[in-house]
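**Q** Below you'll find the structure I mean.
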Amino acid sequence: MLANFPNSTALLENAMEIRLYRKLVTQLEKDFGMANVPVDFSLDVAPEDLRTTLHEKIYFLIMEKFTDYINLLYVIDVPEKSFKEIQVTDVVEVAEQVSFLILKRELQKVWLKERYSA
């Protein structure tokens, strides 16, 4: 089973170790596309660049396109319980925490598909 990661960096490192990083990037692109939120991640994007780009995109959505932000969370299926546990400090910190929740949910999807697909 997937570990309980302390932050996005640890999660992305684990995704690389278990060889699911590229599938994670593909899943992110797929879900962002389903939410009609344009994002362009290369399959070869470095984990730190992915984390930074995702954080910037979430920050932009919160500040400029809140409806798209809510729709994205719905499409990705971020658990409401996790979302309610976010410590509200400032928008930058909230965007970072939401990015982490998105990465956790997307890695969970990819891991489950890998484990239970025949």
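Ligands are numbered from 1 in the order shown, residues from 1 within each chain, and chains are lettered A, B, ... in the order they appear in the structure tokens.
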Give me the residues near stretch 72-75 of chain A as a PyMOL selection string, where near means some atom within 8 Å (using only C-alpha atoms) and where sequence neighbours in that chain fewer than 2 positions away do not count.

**A** chain A and resi 31-32+34-35+37+68-70+77-78+102

**Q** List every residue of chain A that DSSP, applied to the backbone of this structure, assigns to helix (DSSP H, G or I), and report them as a VMD selection string.

**A** chain A and resid 8 to 17 21 to 34 47 to 64 66 to 76 80 to 84 91 to 116

**Q** Pick the closest to A:Lys30 from A:Glu96, A:Ile76, A:Glu114, A:Ile58: which is it, counting only C-alpha atoms?

**A**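 Closest to A:Lys30 of all the choices is A:Ile76.
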
**Q** Quick one: residues within 12 Å of A:Ala46, only C-alpha atoms counted, chain neighbours fewer than 5 positions away excluded, as a list in words?

**A**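 Skipping anything fewer than 5 positions along the chain leaves Thr9, Leu12, Glu13, Met16, Tyr21, Arg22, Val25, Phe41, Arg51, Thr52 and Thr53 of chain A.
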
**Q** Go ahead and write the residues just picked, N, CA, C and O atoms, as an mmCIF file, in the first residue's frame.

**A**
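In the end it all went to again_39.cif:
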data_model
loop_
_atom_site.group_PDB
_atom_site.id
_atom_site.type_symbol
_atom_site.label_atom_id
_atom_site.label_comp_id
_atom_site.auth_asym_id
_atom_site.auth_seq_id
_atom_site.Cartn_x
_atom_site.Cartn_y
_atom_site.Cartn_z
ATOM 1 N N THR A 9 7.326 16.442 -2.260
ATOM 2 C CA THR A 9 8.633 15.966 -2.706
ATOM 3 C C THR A 9 8.811 14.486 -2.381
ATOM 4 O O THR A 9 9.236 13.699 -3.231
ATOM 5 N N LEU A 12 6.578 12.373 -4.706
ATOM 6 C CA LEU A 12 7.102 12.259 -6.067
ATOM 7 C C LEU A 12 8.335 11.354 -6.116
ATOM 8 O O LEU A 12 8.508 10.596 -7.069
ATOM 9 N N GLU A 13 9.170 11.417 -5.095
ATOM 10 C CA GLU A 13 10.324 10.515 -5.027
ATOM 11 C C GLU A 13 9.861 9.069 -4.954
ATOM 12 O O GLU A 13 10.409 8.199 -5.624
ATOM 13 N N MET A 16 8.639 7.789 -8.270
ATOM 14 C CA MET A 16 9.747 7.410 -9.144
ATOM 15 C C MET A 16 10.307 6.050 -8.727
ATOM 16 O O MET A 16 10.594 5.221 -9.586
ATOM 17 N N TYR A 21 5.848 7.219 -11.782
ATOM 18 C CA TYR A 21 5.927 8.663 -11.985
ATOM 19 C C TYR A 21 5.325 9.096 -13.321
ATOM 20 O O TYR A 21 4.514 10.015 -13.375
ATOM 21 N N ARG A 22 5.695 8.427 -14.399
ATOM 22 C CA ARG A 22 5.181 8.813 -15.721
ATOM 23 C C ARG A 22 3.673 8.628 -15.791
ATOM 24 O O ARG A 22 2.966 9.441 -16.390
ATOM 25 N N VAL A 25 2.044 11.545 -14.037
ATOM 26 C CA VAL A 25 2.006 12.739 -14.889
ATOM 27 C C VAL A 25 0.883 12.606 -15.925
ATOM 28 O O VAL A 25 0.120 13.557 -16.151
ATOM 29 N N PHE A 41 2.179 19.208 -19.120
ATOM 30 C CA PHE A 41 3.306 18.544 -18.473
ATOM 31 C C PHE A 41 3.942 17.602 -19.478
ATOM 32 O O PHE A 41 3.272 16.792 -20.088
ATOM 33 N N ARG A 51 6.102 19.655 -9.372
ATOM 34 C CA ARG A 51 5.559 20.180 -8.120
ATOM 35 C C ARG A 51 5.361 21.692 -8.189
ATOM 36 O O ARG A 51 4.315 22.218 -7.825
ATOM 37 N N THR A 52 6.350 22.386 -8.712
ATOM 38 C CA THR A 52 6.279 23.844 -8.817
ATOM 39 C C THR A 52 5.184 24.284 -9.781
ATOM 40 O O THR A 52 4.399 25.191 -9.475
ATOM 41 N N THR A 53 5.115 23.644 -10.933
ATOM 42 C CA THR A 53 4.108 24.006 -11.932
ATOM 43 C C THR A 53 2.700 23.747 -11.403
ATOM 44 O O THR A 53 1.795 24.570 -11.592
#

**Q** May I ask for the distance between atom CA of A:Thr67 and atom CA of A:Pro47, given in Å to one decimal place?

**A**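 About the pair atom CA of A:Thr67 and atom CA of A:Pro47: they are 27.4 Å apart.
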
**Q** I'd like the interatomic distance between atom CA of A:Leu43 and atom CA of A:Thr26, to a tenth of an Å.

**A**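 Those two atoms sit 7.2 Å apart.
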
**Q** Using only C-alpha atoms, which of A:Phe66, A:Phe60, A:Phe83, A:Phe5 sits nearest A:Val98?

**A**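 Of all the options, A:Phe83 lies closest to A:Val98.
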
**Q** Just give me the gap between atom CA of A:Leu28 and atom CA of A:Leu107 in Å, one decimal is fine.

**A** 9.2 Å
